[in-house]
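J.: My structure is stored as work_12.txt, with compact mmCIF, N, CA and C atoms.
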```
# COMPACT_ATOMS: atom_id res chain seq x y z
N MET A 1 36.84 162.99 97.38
CA MET A 1 38.01 163.84 97.53
C MET A 1 38.92 163.25 98.60
N ASN A 2 40.20 163.31 98.35
CA ASN A 2 41.19 162.80 99.29
C ASN A 2 41.48 163.89 100.34
N VAL A 3 41.27 163.55 101.61
CA VAL A 3 41.51 164.50 102.70
C VAL A 3 42.61 163.93 103.59
N LYS A 4 43.70 164.69 103.74
CA LYS A 4 44.80 164.27 104.61
C LYS A 4 44.78 165.17 105.85
N ILE A 5 44.66 164.56 107.03
CA ILE A 5 44.60 165.31 108.28
C ILE A 5 45.88 165.05 109.06
N ASN A 6 46.55 166.14 109.44
CA ASN A 6 47.79 166.05 110.19
C ASN A 6 47.64 166.85 111.48
N ALA A 7 47.62 166.15 112.61
CA ALA A 7 47.52 166.81 113.92
C ALA A 7 48.92 166.87 114.52
N VAL A 8 49.36 168.08 114.84
CA VAL A 8 50.71 168.29 115.37
C VAL A 8 50.71 168.12 116.88
N HIS A 9 51.49 167.17 117.38
CA HIS A 9 51.70 166.90 118.80
C HIS A 9 50.46 166.37 119.54
N PHE A 10 49.49 165.84 118.81
CA PHE A 10 48.35 165.17 119.44
C PHE A 10 47.67 164.32 118.38
N LYS A 11 46.78 163.44 118.81
CA LYS A 11 46.05 162.59 117.88
C LYS A 11 44.61 163.06 117.82
N ALA A 12 44.15 163.39 116.62
CA ALA A 12 42.77 163.84 116.42
C ALA A 12 41.83 162.64 116.56
N ASP A 13 40.74 162.82 117.30
CA ASP A 13 39.79 161.71 117.47
C ASP A 13 38.92 161.54 116.22
N LYS A 14 38.25 160.41 116.15
CA LYS A 14 37.43 160.06 114.98
C LYS A 14 36.32 161.08 114.74
N LYS A 15 35.75 161.60 115.82
CA LYS A 15 34.67 162.58 115.70
C LYS A 15 35.15 163.85 114.99
N LEU A 16 36.33 164.33 115.37
CA LEU A 16 36.91 165.53 114.75
C LEU A 16 37.25 165.25 113.29
N GLU A 17 37.81 164.09 112.99
CA GLU A 17 38.15 163.73 111.62
C GLU A 17 36.89 163.64 110.76
N ALA A 18 35.82 163.07 111.29
CA ALA A 18 34.55 162.97 110.56
C ALA A 18 33.99 164.37 110.29
N PHE A 19 34.09 165.26 111.28
CA PHE A 19 33.62 166.65 111.12
C PHE A 19 34.39 167.35 110.00
N ILE A 20 35.70 167.18 109.99
CA ILE A 20 36.54 167.82 108.97
C ILE A 20 36.19 167.28 107.58
N ASN A 21 36.07 165.95 107.48
CA ASN A 21 35.72 165.35 106.19
C ASN A 21 34.37 165.85 105.68
N GLU A 22 33.40 165.95 106.57
CA GLU A 22 32.07 166.43 106.19
C GLU A 22 32.12 167.86 105.67
N LYS A 23 32.84 168.72 106.38
CA LYS A 23 32.94 170.13 105.98
C LYS A 23 33.63 170.28 104.62
N LEU A 24 34.71 169.52 104.42
CA LEU A 24 35.46 169.65 103.18
C LEU A 24 34.72 169.04 102.00
N GLU A 25 33.94 168.00 102.24
CA GLU A 25 33.14 167.42 101.16
C GLU A 25 32.12 168.42 100.64
N LYS A 26 31.59 169.26 101.53
CA LYS A 26 30.62 170.27 101.12
C LYS A 26 31.25 171.28 100.15
N LEU A 27 32.56 171.53 100.28
CA LEU A 27 33.24 172.46 99.39
C LEU A 27 33.24 171.93 97.96
N HIS A 28 33.22 170.62 97.82
CA HIS A 28 33.25 170.00 96.50
C HIS A 28 32.02 170.38 95.69
N THR A 29 30.91 170.72 96.36
CA THR A 29 29.68 171.09 95.65
C THR A 29 29.81 172.46 94.97
N PHE A 30 30.71 173.31 95.45
CA PHE A 30 30.89 174.64 94.87
C PHE A 30 31.75 174.62 93.62
N PHE A 31 32.67 173.65 93.55
CA PHE A 31 33.58 173.57 92.41
C PHE A 31 34.02 172.14 92.23
N GLU A 32 33.79 171.60 91.03
CA GLU A 32 34.09 170.19 90.76
C GLU A 32 35.59 169.90 90.63
N GLY A 33 36.39 170.93 90.43
CA GLY A 33 37.81 170.73 90.18
C GLY A 33 38.68 170.53 91.41
N VAL A 34 38.08 170.35 92.58
CA VAL A 34 38.87 170.14 93.80
C VAL A 34 39.44 168.73 93.76
N LEU A 35 40.77 168.62 93.80
CA LEU A 35 41.43 167.33 93.70
C LEU A 35 41.62 166.68 95.07
N SER A 36 42.18 167.42 96.00
CA SER A 36 42.41 166.89 97.34
C SER A 36 42.60 168.04 98.32
N SER A 37 42.72 167.69 99.58
CA SER A 37 42.93 168.73 100.60
C SER A 37 43.85 168.21 101.69
N GLU A 38 44.50 169.14 102.33
CA GLU A 38 45.41 168.83 103.43
C GLU A 38 45.06 169.75 104.59
N VAL A 39 44.88 169.15 105.77
CA VAL A 39 44.50 169.89 106.96
C VAL A 39 45.59 169.72 108.01
N ILE A 40 46.03 170.82 108.59
CA ILE A 40 47.01 170.78 109.68
C ILE A 40 46.35 171.40 110.90
N LEU A 41 46.29 170.63 111.98
CA LEU A 41 45.72 171.10 113.24
C LEU A 41 46.84 171.25 114.26
N LYS A 42 46.87 172.40 114.94
CA LYS A 42 47.89 172.58 115.97
C LYS A 42 47.38 173.55 117.03
N THR A 43 48.01 173.48 118.19
CA THR A 43 47.67 174.40 119.27
C THR A 43 48.86 175.33 119.47
N GLU A 44 48.55 176.55 119.84
CA GLU A 44 49.58 177.55 120.07
C GLU A 44 49.65 177.83 121.57
N ASN A 45 50.82 178.00 122.07
CA ASN A 45 51.01 178.26 123.48
C ASN A 45 50.86 179.76 123.74
N THR A 46 49.63 180.21 123.98
CA THR A 46 49.39 181.64 124.20
C THR A 46 48.54 181.83 125.44
N GLU A 47 48.41 183.07 125.85
CA GLU A 47 47.59 183.42 127.01
C GLU A 47 46.09 183.38 126.69
N THR A 48 45.76 183.59 125.43
CA THR A 48 44.35 183.66 125.05
C THR A 48 43.73 182.27 124.90
N ARG A 49 42.41 182.22 124.92
CA ARG A 49 41.70 180.96 124.75
C ARG A 49 41.66 180.53 123.29
N GLU A 50 41.82 181.48 122.38
CA GLU A 50 41.81 181.18 120.96
C GLU A 50 43.18 180.69 120.53
N ASN A 51 43.49 179.44 120.88
CA ASN A 51 44.80 178.91 120.59
C ASN A 51 44.76 177.68 119.69
N LYS A 52 43.59 177.33 119.14
CA LYS A 52 43.47 176.19 118.24
C LYS A 52 43.57 176.72 116.80
N ILE A 53 44.52 176.19 116.05
CA ILE A 53 44.76 176.67 114.69
C ILE A 53 44.47 175.56 113.70
N ALA A 54 43.72 175.91 112.65
CA ALA A 54 43.45 174.99 111.55
C ALA A 54 43.95 175.62 110.26
N GLU A 55 44.82 174.90 109.57
CA GLU A 55 45.31 175.34 108.26
C GLU A 55 44.77 174.35 107.24
N VAL A 56 44.11 174.86 106.22
CA VAL A 56 43.52 173.99 105.20
C VAL A 56 44.03 174.43 103.83
N ARG A 57 44.57 173.47 103.09
CA ARG A 57 45.03 173.74 101.72
C ARG A 57 44.21 172.87 100.78
N LEU A 58 43.56 173.50 99.82
CA LEU A 58 42.79 172.78 98.79
C LEU A 58 43.61 172.77 97.51
N LEU A 59 43.75 171.60 96.95
CA LEU A 59 44.44 171.48 95.68
C LEU A 59 43.40 171.46 94.57
N VAL A 60 43.41 172.50 93.75
CA VAL A 60 42.50 172.65 92.64
C VAL A 60 43.35 172.63 91.38
N LYS A 61 42.81 172.15 90.29
CA LYS A 61 43.58 172.07 89.04
C LYS A 61 44.33 173.38 88.77
N GLY A 62 45.64 173.32 88.87
CA GLY A 62 46.46 174.48 88.57
C GLY A 62 46.64 175.48 89.70
N TYR A 63 45.93 175.30 90.82
CA TYR A 63 46.01 176.26 91.91
C TYR A 63 46.01 175.57 93.26
N ASP A 64 46.49 176.28 94.26
CA ASP A 64 46.35 175.89 95.66
C ASP A 64 45.59 177.01 96.35
N LEU A 65 44.53 176.65 97.05
CA LEU A 65 43.80 177.62 97.85
C LEU A 65 44.13 177.33 99.30
N PHE A 66 44.32 178.38 100.10
CA PHE A 66 44.79 178.18 101.48
C PHE A 66 44.02 179.08 102.44
N ALA A 67 43.72 178.52 103.62
CA ALA A 67 43.11 179.32 104.69
C ALA A 67 43.69 178.86 106.02
N LYS A 68 44.00 179.82 106.86
CA LYS A 68 44.51 179.54 108.21
C LYS A 68 43.66 180.34 109.18
N LYS A 69 43.01 179.63 110.10
CA LYS A 69 42.12 180.31 111.05
C LYS A 69 42.41 179.82 112.46
N GLU A 70 42.13 180.71 113.42
CA GLU A 70 42.38 180.45 114.83
C GLU A 70 41.08 180.67 115.61
N ALA A 71 40.78 179.74 116.53
CA ALA A 71 39.55 179.84 117.33
C ALA A 71 39.73 179.11 118.65
N THR A 72 38.67 179.08 119.45
CA THR A 72 38.74 178.41 120.76
C THR A 72 38.64 176.89 120.63
N THR A 73 38.03 176.40 119.55
CA THR A 73 37.95 174.95 119.31
C THR A 73 38.38 174.67 117.87
N PHE A 74 38.80 173.43 117.63
CA PHE A 74 39.17 173.05 116.27
C PHE A 74 37.97 173.09 115.34
N GLU A 75 36.79 172.74 115.86
CA GLU A 75 35.58 172.77 115.03
C GLU A 75 35.29 174.19 114.54
N ALA A 76 35.41 175.15 115.43
CA ALA A 76 35.17 176.55 115.06
C ALA A 76 36.21 177.03 114.05
N ALA A 77 37.46 176.63 114.25
CA ALA A 77 38.52 177.01 113.33
C ALA A 77 38.29 176.40 111.95
N ILE A 78 37.85 175.15 111.91
CA ILE A 78 37.54 174.50 110.63
C ILE A 78 36.37 175.19 109.95
N ASP A 79 35.34 175.56 110.73
CA ASP A 79 34.20 176.30 110.17
C ASP A 79 34.67 177.59 109.49
N LEU A 80 35.51 178.35 110.19
CA LEU A 80 36.00 179.62 109.65
C LEU A 80 36.85 179.39 108.39
N ALA A 81 37.70 178.38 108.44
CA ALA A 81 38.58 178.09 107.30
C ALA A 81 37.78 177.63 106.09
N THR A 82 36.79 176.77 106.30
CA THR A 82 36.00 176.29 105.15
C THR A 82 35.16 177.42 104.55
N GLU A 83 34.70 178.34 105.38
CA GLU A 83 33.95 179.48 104.85
C GLU A 83 34.86 180.37 104.01
N ALA A 84 36.08 180.59 104.47
CA ALA A 84 37.04 181.38 103.70
C ALA A 84 37.37 180.67 102.38
N LEU A 85 37.53 179.36 102.42
CA LEU A 85 37.82 178.60 101.20
C LEU A 85 36.63 178.58 100.26
N ARG A 86 35.42 178.57 100.80
CA ARG A 86 34.22 178.61 99.95
C ARG A 86 34.21 179.89 99.13
N LYS A 87 34.53 181.00 99.79
CA LYS A 87 34.58 182.29 99.09
C LYS A 87 35.66 182.27 98.00
N GLN A 88 36.82 181.70 98.33
CA GLN A 88 37.90 181.60 97.35
C GLN A 88 37.50 180.73 96.17
N LEU A 89 36.80 179.62 96.45
CA LEU A 89 36.35 178.73 95.38
C LEU A 89 35.36 179.41 94.46
N VAL A 90 34.43 180.17 95.02
CA VAL A 90 33.45 180.88 94.20
C VAL A 90 34.16 181.88 93.30
N LYS A 91 35.12 182.63 93.83
CA LYS A 91 35.89 183.58 93.03
C LYS A 91 36.67 182.87 91.93
N HIS A 92 37.29 181.74 92.31
CA HIS A 92 38.08 180.97 91.34
C HIS A 92 37.19 180.43 90.23
N LYS A 93 36.02 179.96 90.59
CA LYS A 93 35.07 179.42 89.61
C LYS A 93 34.64 180.50 88.63
N GLU A 94 34.35 181.71 89.14
CA GLU A 94 33.96 182.82 88.27
C GLU A 94 35.11 183.21 87.33
N LYS A 95 36.33 183.17 87.86
CA LYS A 95 37.50 183.52 87.08
C LYS A 95 37.72 182.50 85.95
N VAL A 96 37.55 181.23 86.26
CA VAL A 96 37.74 180.17 85.26
C VAL A 96 36.66 180.24 84.19
N ARG A 97 35.44 180.48 84.58
CA ARG A 97 34.34 180.58 83.61
C ARG A 97 34.45 181.83 82.76
N GLY A 98 35.02 182.88 83.34
CA GLY A 98 35.15 184.14 82.60
C GLY A 98 36.19 184.12 81.52
N SER A 99 37.18 183.23 81.67
CA SER A 99 38.27 183.22 80.67
C SER A 99 38.06 182.22 79.58
```
Transcribe the structure of this file into structure tokens.
T.:
Amino acid sequence: MNVKINAVHFKADKKLEAFINEKLEKLHTFFEGVLSSEVILKTENTETRENKIAEVRLLVKGYDLFAKKEATTFEAAIDLATEALRKQLVKHKEKVRGS
């Protein structure tokens, strides 16, 4: 699967990129129709510690699945986003099989 990572106003290190790739590859096991994904990482200027935002868009045949999560670290935000996308993929898979 093609994974495009875009870090806004900073450069993501190799460790973070490897973590993101690993998490998104696992989503491919739930549904074979995943074509590619786009990840946007950014920080928000807020008072709270939960200022790391991860936006993940999965391109599936005929659909785009999207999750945006905020956490104290990018890894935690990616975990939350991939879990939300996993749920969306399972629903999408059931919908496709049902029709």
J.: Write out as a VMD selection string all residues of chain A that backbone DSSP assigns to alpha helix (DSSP H).
T.: chain A and resid 14 to 27 74 to 98
J.: Give me a file of those residues, with N, CA and C atoms, as a compact mmCIF listing (two decimals), in the frame of the given file.
T.:
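What ended up in selection-v7.txt:
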```txt
# COMPACT_ATOMS: atom_id res chain seq x y z
N LYS A 14 38.25 160.41 116.15
CA LYS A 14 37.43 160.06 114.98
C LYS A 14 36.32 161.08 114.74
N LYS A 15 35.75 161.60 115.82
CA LYS A 15 34.67 162.58 115.70
C LYS A 15 35.15 163.85 114.99
N LEU A 16 36.33 164.33 115.37
CA LEU A 16 36.91 165.53 114.75
C LEU A 16 37.25 165.25 113.29
N GLU A 17 37.81 164.09 112.99
CA GLU A 17 38.15 163.73 111.62
C GLU A 17 36.89 163.64 110.76
N ALA A 18 35.82 163.07 111.29
CA ALA A 18 34.55 162.97 110.56
C ALA A 18 33.99 164.37 110.29
N PHE A 19 34.09 165.26 111.28
CA PHE A 19 33.62 166.65 111.12
C PHE A 19 34.39 167.35 110.00
N ILE A 20 35.70 167.18 109.99
CA ILE A 20 36.54 167.82 108.97
C ILE A 20 36.19 167.28 107.58
N ASN A 21 36.07 165.95 107.48
CA ASN A 21 35.72 165.35 106.19
C ASN A 21 34.37 165.85 105.68
N GLU A 22 33.40 165.95 106.57
CA GLU A 22 32.07 166.43 106.19
C GLU A 22 32.12 167.86 105.67
N LYS A 23 32.84 168.72 106.38
CA LYS A 23 32.94 170.13 105.98
C LYS A 23 33.63 170.28 104.62
N LEU A 24 34.71 169.52 104.42
CA LEU A 24 35.46 169.65 103.18
C LEU A 24 34.72 169.04 102.00
N GLU A 25 33.94 168.00 102.24
CA GLU A 25 33.14 167.42 101.16
C GLU A 25 32.12 168.42 100.64
N LYS A 26 31.59 169.26 101.53
CA LYS A 26 30.62 170.27 101.12
C LYS A 26 31.25 171.28 100.15
N LEU A 27 32.56 171.53 100.28
CA LEU A 27 33.24 172.46 99.39
C LEU A 27 33.24 171.93 97.96
N PHE A 74 38.80 173.43 117.63
CA PHE A 74 39.17 173.05 116.27
C PHE A 74 37.97 173.09 115.34
N GLU A 75 36.79 172.74 115.86
CA GLU A 75 35.58 172.77 115.03
C GLU A 75 35.29 174.19 114.54
N ALA A 76 35.41 175.15 115.43
CA ALA A 76 35.17 176.55 115.06
C ALA A 76 36.21 177.03 114.05
N ALA A 77 37.46 176.63 114.25
CA ALA A 77 38.52 177.01 113.33
C ALA A 77 38.29 176.40 111.95
N ILE A 78 37.85 175.15 111.91
CA ILE A 78 37.54 174.50 110.63
C ILE A 78 36.37 175.19 109.95
N ASP A 79 35.34 175.56 110.73
CA ASP A 79 34.20 176.30 110.17
C ASP A 79 34.67 177.59 109.49
N LEU A 80 35.51 178.35 110.19
CA LEU A 80 36.00 179.62 109.65
C LEU A 80 36.85 179.39 108.39
N ALA A 81 37.70 178.38 108.44
CA ALA A 81 38.58 178.09 107.30
C ALA A 81 37.78 177.63 106.09
N THR A 82 36.79 176.77 106.30
CA THR A 82 36.00 176.29 105.15
C THR A 82 35.16 177.42 104.55
N GLU A 83 34.70 178.34 105.38
CA GLU A 83 33.95 179.48 104.85
C GLU A 83 34.86 180.37 104.01
N ALA A 84 36.08 180.59 104.47
CA ALA A 84 37.04 181.38 103.70
C ALA A 84 37.37 180.67 102.38
N LEU A 85 37.53 179.36 102.42
CA LEU A 85 37.82 178.60 101.20
C LEU A 85 36.63 178.58 100.26
N ARG A 86 35.42 178.57 100.80
CA ARG A 86 34.22 178.61 99.95
C ARG A 86 34.21 179.89 99.13
N LYS A 87 34.53 181.00 99.79
CA LYS A 87 34.58 182.29 99.09
C LYS A 87 35.66 182.27 98.00
N GLN A 88 36.82 181.70 98.33
CA GLN A 88 37.90 181.60 97.35
C GLN A 88 37.50 180.73 96.17
N LEU A 89 36.80 179.62 96.45
CA LEU A 89 36.35 178.73 95.38
C LEU A 89 35.36 179.41 94.46
N VAL A 90 34.43 180.17 95.02
CA VAL A 90 33.45 180.88 94.20
C VAL A 90 34.16 181.88 93.30
N LYS A 91 35.12 182.63 93.83
CA LYS A 91 35.89 183.58 93.03
C LYS A 91 36.67 182.87 91.93
N HIS A 92 37.29 181.74 92.31
CA HIS A 92 38.08 180.97 91.34
C HIS A 92 37.19 180.43 90.23
N LYS A 93 36.02 179.96 90.59
CA LYS A 93 35.07 179.42 89.61
C LYS A 93 34.64 180.50 88.63
N GLU A 94 34.35 181.71 89.14
CA GLU A 94 33.96 182.82 88.27
C GLU A 94 35.11 183.21 87.33
N LYS A 95 36.33 183.17 87.86
CA LYS A 95 37.50 183.52 87.08
C LYS A 95 37.72 182.50 85.95
N VAL A 96 37.55 181.23 86.26
CA VAL A 96 37.74 180.17 85.26
C VAL A 96 36.66 180.24 84.19
N ARG A 97 35.44 180.48 84.58
CA ARG A 97 34.34 180.58 83.61
C ARG A 97 34.45 181.83 82.76
N GLY A 98 35.02 182.88 83.34
CA GLY A 98 35.15 184.14 82.60
C GLY A 98 36.19 184.12 81.52
```
J.: Give the answer as one residue: which of A:Phe31, A:Glu17, A:Glu38, A:His9 has the shortest atom-to-atom distance to Val90 (chain A), using all atoms listed in the file?
T.: A:Phe31
J.: Can you tell me which residues surround Leu16 (chain A) at a distance of at most 8 Å, considering only N, CA and C atoms, apart from same-chain residues fewer than 6 positions away, and format the answer as a ChimeraX atom specification?
T.: /A:22,74-75
J.: Please provide as a ChimeraX atom specification all residues within 8 Å of Val39 (chain A), with the sequence filter that same-chain residues fewer than 3 positions apart are discarded (counting only C-alpha atoms).
T.: /A:3-6,54-57
J.: Name all residues at most 8 Å from Lys23 (chain A) (count all atoms listed in the file; drop same-chain ones fewer than 4 positions away) and give them as JSON, numbers by chain.
T.: {"A": [17, 18, 19, 27, 28, 78, 79, 82]}
J.: Tell me which of A:Thr72, A:Phe30, A:Ala84, A:His92 sits closest to Thr48 (chain A), counting all atoms listed in the file.
T.: A:Thr72
J.: Rounded to one decimal, what separation in Å do you get between CA of Val8 (chain A) and atom C of Thr43 (chain A)?
T.: 8.4 Å
J.: Could you pull out all residues of region 8-99 of chain A with a DSSP call of strand (DSSP E) and give them as a list in words?
T.: Val34, Leu35, Ser36, Ser37, Glu38, Val39, Ile40, Leu41, Lys42, Thr43, Lys52, Ile53, Ala54, Glu55, Val56, Arg57, Leu58, Leu59, Val60, Tyr63, Asp64, Leu65, Phe66, Ala67, Lys68, Lys69, Glu70 and Ala71 of chain A
J.: One decimal, Å: what's the distance from CA of Leu80 (chain A) over to atom C of Lys68 (chain A), could you say?
T.: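 Separating CA of Leu80 (chain A) from atom C of Lys68 (chain A) is a distance of 7.7 Å.
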J.: Looking at A:Ile40, A:Val34, A:Leu85, A:Ile20, which one is nearest to Val60 (chain A), with distances taken over only N, CA and C atoms?
T.: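 Between A:Ile40, A:Val34, A:Leu85, A:Ile20, the residue approaching Val60 (chain A) most closely is A:Val34.
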J.: Give me the box for region 1-16 of chain A as AutoDock Vina command-line options, namely the centre and edge lengths in Å to one decimal of a box along x, y and z that holds every listed atom plus 3 Å on each side.
T.:
```
--center_x 43.2 --center_y 164.2 --center_z 108.5 --size_x 23.0 --size_y 14.2 --size_z 28.2
```
J.: Between A:Thr73, A:Arg86, A:Lys61, A:Lys14, which residue has the minimum interatomic distance to Glu32 (chain A), considering only N, CA and C atoms?
T.: A:Lys61
J.: At a cut-off of 6 Å, using only N, CA and C atoms, what residues contact Ala71 (chain A)? Leave out same-chain residues fewer than 3 positions from it and give the result as number ranges by chain.
T.: A: 49-53, 74, 76-77
J.: Closest to Asp13 (chain A) among A:Leu65, A:Leu41, A:Leu35, A:Met1, using only C-alpha atoms?
T.: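 Answer, going by the shortest atom-to-atom distance: A:Leu41.
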J.: What gap, in Å, lies between CA of Asn2 (chain A) and atom N of Glu25 (chain A)?
T.: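 Spanning CA of Asn2 (chain A) to atom N of Glu25 (chain A) is a straight-line distance of 9.4 Å.
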